[in-house]
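Worksheet: one structure, shown below.
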Amino acid sequence: WENIRNGRNALVSSIFVKLFKETPRIQKFFAKFANVAVDSLAGNAEYEKQIALVADRLDTMISAMSDKLQLLGNVNYMRYTHTERGIPRAPWEDFSRLLLDVLGAKGVSSDDLDSWKGVLAVFVNGISPRS
């Protein structure tokens, strides 16, 4: 993560663009830019704020990996703030899959990708448990 941390906003933006192109209805969960064309998102102030927020939250959670209490607090916060918006499990799974794809493309080792898979599974299960 340290090797790609400085480019985290661009990384998250690339994931969101792929996510919205794959499944356009996911963009509707983001009311402030729900009706902006995907190819016009870059430079949209509300989109850029959301990207920075997601990238910073991801960074915070990665930094908390060695502190289970802090990590649990972050996961619970994410669950609380996103459950009320009615976001189902599938977009979280899709985001995780795309994040792993991007990390692999950035040269993250297969052992590290396996670690990421485990962490993302905990993250997704914590935010949006299976019914």
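All residue names refer to the structure tokens as shown: chains lettered A, B, ... in order, residues numbered from 1 in each chain, ligands numbered from 1 in order.
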
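Near stretch 48-52 of chain A, within 10 Å and counting only C-alpha atoms, sit Arg8, Asn9, Ala10, Leu11, Val12, Ser13, Ser14, Ile15, Phe16, Phe30, Lys32, Phe33, Leu41, Ala42, Gly43, Asn44, Ala45, Glu46, Val54, Ala55, Asp56, Arg57 and Leu58 of chain A; same-chain residues fewer than 2 positions away were not included.
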
Would you write out those residues with N, CA and C atoms, as a PDB file, in the first residue's frame?
ATOM      1  N   ARG A   8      -3.600   7.189  -4.365  1.00  0.00           N
ATOM      2  CA  ARG A   8      -4.838   6.508  -3.958  1.00  0.00           C
ATOM      3  C   ARG A   8      -6.092   7.154  -4.518  1.00  0.00           C
ATOM      4  N   ASN A   9      -6.116   8.481  -4.686  1.00  0.00           N
ATOM      5  CA  ASN A   9      -7.318   9.107  -5.250  1.00  0.00           C
ATOM      6  C   ASN A   9      -7.537   8.645  -6.690  1.00  0.00           C
ATOM      7  N   ALA A  10      -6.477   8.616  -7.475  1.00  0.00           N
ATOM      8  CA  ALA A  10      -6.597   8.160  -8.866  1.00  0.00           C
ATOM      9  C   ALA A  10      -6.990   6.686  -8.907  1.00  0.00           C
ATOM     10  N   LEU A  11      -6.446   5.895  -7.991  1.00  0.00           N
ATOM     11  CA  LEU A  11      -6.778   4.476  -7.916  1.00  0.00           C
ATOM     12  C   LEU A  11      -8.262   4.295  -7.617  1.00  0.00           C
ATOM     13  N   VAL A  12      -8.761   5.000  -6.609  1.00  0.00           N
ATOM     14  CA  VAL A  12     -10.178   4.894  -6.241  1.00  0.00           C
ATOM     15  C   VAL A  12     -11.064   5.409  -7.371  1.00  0.00           C
ATOM     16  N   SER A  13     -10.665   6.494  -8.005  1.00  0.00           N
ATOM     17  CA  SER A  13     -11.453   7.024  -9.118  1.00  0.00           C
ATOM     18  C   SER A  13     -11.546   6.004 -10.249  1.00  0.00           C
ATOM     19  N   SER A  14     -10.446   5.342 -10.559  1.00  0.00           N
ATOM     20  CA  SER A  14     -10.479   4.342 -11.639  1.00  0.00           C
ATOM     21  C   SER A  14     -11.426   3.197 -11.283  1.00  0.00           C
ATOM     22  N   ILE A  15     -11.476   2.832 -10.005  1.00  0.00           N
ATOM     23  CA  ILE A  15     -12.387   1.775  -9.561  1.00  0.00           C
ATOM     24  C   ILE A  15     -13.833   2.235  -9.699  1.00  0.00           C
ATOM     25  N   PHE A  16     -14.118   3.450  -9.264  1.00  0.00           N
ATOM     26  CA  PHE A  16     -15.489   3.963  -9.357  1.00  0.00           C
ATOM     27  C   PHE A  16     -15.947   4.034 -10.810  1.00  0.00           C
ATOM     28  N   PHE A  30     -25.134   7.643  -5.249  1.00  0.00           N
ATOM     29  CA  PHE A  30     -24.390   8.874  -5.008  1.00  0.00           C
ATOM     30  C   PHE A  30     -25.200  10.047  -5.551  1.00  0.00           C
ATOM     31  N   LYS A  32     -25.346  13.183  -5.250  1.00  0.00           N
ATOM     32  CA  LYS A  32     -24.750  14.453  -5.682  1.00  0.00           C
ATOM     33  C   LYS A  32     -24.143  14.393  -7.079  1.00  0.00           C
ATOM     34  N   PHE A  33     -23.902  13.202  -7.588  1.00  0.00           N
ATOM     35  CA  PHE A  33     -23.412  13.090  -8.970  1.00  0.00           C
ATOM     36  C   PHE A  33     -24.046  11.904  -9.695  1.00  0.00           C
ATOM     37  N   LEU A  41     -17.255  12.598 -15.015  1.00  0.00           N
ATOM     38  CA  LEU A  41     -17.089  12.652 -13.559  1.00  0.00           C
ATOM     39  C   LEU A  41     -15.794  13.335 -13.133  1.00  0.00           C
ATOM     40  N   ALA A  42     -14.710  13.046 -13.831  1.00  0.00           N
ATOM     41  CA  ALA A  42     -13.433  13.674 -13.475  1.00  0.00           C
ATOM     42  C   ALA A  42     -13.595  15.187 -13.543  1.00  0.00           C
ATOM     43  N   GLY A  43     -13.228  15.839 -12.463  1.00  0.00           N
ATOM     44  CA  GLY A  43     -13.372  17.288 -12.404  1.00  0.00           C
ATOM     45  C   GLY A  43     -14.664  17.751 -11.766  1.00  0.00           C
ATOM     46  N   ASN A  44     -15.648  16.863 -11.620  1.00  0.00           N
ATOM     47  CA  ASN A  44     -16.888  17.217 -10.928  1.00  0.00           C
ATOM     48  C   ASN A  44     -16.557  17.335  -9.440  1.00  0.00           C
ATOM     49  N   ALA A  45     -16.849  18.483  -8.845  1.00  0.00           N
ATOM     50  CA  ALA A  45     -16.437  18.758  -7.464  1.00  0.00           C
ATOM     51  C   ALA A  45     -16.998  17.739  -6.471  1.00  0.00           C
ATOM     52  N   GLU A  46     -18.263  17.382  -6.614  1.00  0.00           N
ATOM     53  CA  GLU A  46     -18.873  16.431  -5.679  1.00  0.00           C
ATOM     54  C   GLU A  46     -18.262  15.038  -5.830  1.00  0.00           C
ATOM     55  N   VAL A  54     -13.409   8.425   0.106  1.00  0.00           N
ATOM     56  CA  VAL A  54     -13.233   6.968   0.028  1.00  0.00           C
ATOM     57  C   VAL A  54     -11.750   6.604   0.128  1.00  0.00           C
ATOM     58  N   ALA A  55     -10.905   7.328  -0.582  1.00  0.00           N
ATOM     59  CA  ALA A  55      -9.467   7.045  -0.552  1.00  0.00           C
ATOM     60  C   ALA A  55      -8.902   7.239   0.853  1.00  0.00           C
ATOM     61  N   ASP A  56      -9.325   8.300   1.527  1.00  0.00           N
ATOM     62  CA  ASP A  56      -8.848   8.548   2.887  1.00  0.00           C
ATOM     63  C   ASP A  56      -9.371   7.499   3.862  1.00  0.00           C
ATOM     64  N   ARG A  57     -10.624   7.083   3.699  1.00  0.00           N
ATOM     65  CA  ARG A  57     -11.190   6.048   4.574  1.00  0.00           C
ATOM     66  C   ARG A  57     -10.460   4.726   4.353  1.00  0.00           C
ATOM     67  N   LEU A  58     -10.174   4.403   3.109  1.00  0.00           N
ATOM     68  CA  LEU A  58      -9.420   3.190   2.796  1.00  0.00           C
ATOM     69  C   LEU A  58      -8.041   3.250   3.445  1.00  0.00           C
TER      70      LEU A  58
END

Residue list (helix (DSSP H, G or I), DSSP) for chain A, as a PyMOL selection string: chain A and resi 5-22+24-29+31-33+38-40+45-63+68-83+89-105+110-127

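Proximity of A:Leu71, A:Val17, A:Leu113, A:Ile4 to A:Ala37, computed with only C-alpha atoms, is greatest for A:Val17.
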
Hey, could you make a per-residue contact list for stretch 107-127 of chain A against stretch 86-94 of chain A with 10 Å as the cut-off, showing the nearest pair of atoms and its distance in Å to one decimal, counting only C-alpha atoms, sorted by chain and number, as CSV?
residue,atom,partner,partner_atom,distance
A:Leu120,CA,A:Glu93,CA,8.5
A:Ala121,CA,A:Glu93,CA,8.4
A:Phe123,CA,A:Trp92,CA,8.9
A:Val124,CA,A:Trp92,CA,6.1
A:Asn125,CA,A:Arg89,CA,8.5
A:Ile127,CA,A:Arg89,CA,8.2

Go ahead and save the residues from that selection, with N, CA and C atoms, as a short mmCIF file (atom, residue, chain, number, x, y, z; two decimals), in the first residue's frame.
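And here's selection.cif as it stands now:
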data_model
loop_
_atom_site.label_atom_id
_atom_site.label_comp_id
_atom_site.auth_asym_id
_atom_site.auth_seq_id
_atom_site.Cartn_x
_atom_site.Cartn_y
_atom_site.Cartn_z
N LEU A 120 -10.38 -7.64 2.68
CA LEU A 120 -11.59 -7.14 2.02
C LEU A 120 -12.81 -7.99 2.36
N ALA A 121 -12.61 -9.28 2.55
CA ALA A 121 -13.73 -10.14 2.95
C ALA A 121 -14.24 -9.73 4.33
N PHE A 123 -13.90 -6.78 5.66
CA PHE A 123 -14.46 -5.45 5.44
C PHE A 123 -15.89 -5.55 4.90
N VAL A 124 -16.08 -6.31 3.83
CA VAL A 124 -17.41 -6.45 3.22
C VAL A 124 -18.38 -7.12 4.19
N ASN A 125 -17.95 -8.16 4.87
CA ASN A 125 -18.82 -8.84 5.82
C ASN A 125 -19.19 -7.95 7.00
N ILE A 127 -19.40 -4.55 6.87
CA ILE A 127 -20.25 -3.45 6.41
C ILE A 127 -21.61 -3.95 5.95
#

Need the shell around A:Tyr77: protein/DNA/RNA residues with any atom at most 12 Å away, counting only C-alpha atoms. Skip same-chain ones fewer than 3 positions apart. Format as a PDB file with C-alpha atoms, in the first residue's frame?
ATOM      1  CA  ARG A  57     -11.190   6.048   4.574  1.00  0.00           C
ATOM      2  CA  MET A  61      -8.570   1.351   7.559  1.00  0.00           C
ATOM      3  CA  GLN A  70      -9.635   0.819  15.690  1.00  0.00           C
ATOM      4  CA  LEU A  71     -10.306  -1.327  12.624  1.00  0.00           C
ATOM      5  CA  LEU A  72     -13.582  -2.570  14.095  1.00  0.00           C
ATOM      6  CA  GLY A  73     -14.570   1.019  14.870  1.00  0.00           C
ATOM      7  CA  ASN A  74     -13.935   2.010  11.254  1.00  0.00           C
ATOM      8  CA  TYR A  80     -23.736   2.571  10.131  1.00  0.00           C
ATOM      9  CA  THR A  81     -23.307   5.311   7.527  1.00  0.00           C
ATOM     10  CA  HIS A  82     -24.032   3.086   4.538  1.00  0.00           C
ATOM     11  CA  THR A  83     -26.837   0.874   5.842  1.00  0.00           C
ATOM     12  CA  GLU A  84     -29.116   3.895   6.168  1.00  0.00           C
ATOM     13  CA  PHE A 123     -14.465  -5.449   5.439  1.00  0.00           C
ATOM     14  CA  GLY A 126     -18.550  -6.142   8.476  1.00  0.00           C
ATOM     15  CA  ILE A 127     -20.246  -3.449   6.406  1.00  0.00           C
ATOM     16  CA  SER A 128     -22.842  -5.576   4.676  1.00  0.00           C
TER      17      SER A 128
END

Provide the atom CA of A:Asp112 to atom CA of A:Thr23 distance in Å, to one decimal place. 27.6 Å

Surrounding residues of A:Leu103 excluding itself and chain neighbours under 2 positions, 10 Å, only C-alpha atoms, as a VMD selection string: chain A and resid 1 4 11 97 to 101 105 to 110 112 to 113 116

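Going from atom CA of A:Asp111 over to atom CA of A:Lys18, you cover 24.7 Å.
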
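Counting only C-alpha atoms and comparing A:Glu22, A:Phe29, A:Asp59, A:Asn35, the residue that lies closest to A:Asn6 is A:Asp59.
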
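Atom CA of A:Ile26 is found 19.1 Å from atom CA of A:Val102.
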
So that I can see what lies close to A:Val36, please list as a ChimeraX atom specification the residues with an atom at most 10 Å from it, counting only C-alpha atoms and leaving out residues fewer than 6 positions away in the same chain. /A:27-28,44,47

Could you please take those selected residues and save C-alpha atoms as a PDB file, in the first residue's frame?
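Here's the written file out22.pdb:
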ATOM      1  CA  GLN A  27     -23.977   5.443  -9.419  1.00  0.00           C
ATOM      2  CA  LYS A  28     -27.536   6.280  -8.296  1.00  0.00           C
ATOM      3  CA  ASN A  44     -16.888  17.217 -10.928  1.00  0.00           C
ATOM      4  CA  TYR A  47     -17.358  13.358  -7.310  1.00  0.00           C
TER       5      TYR A  47
END
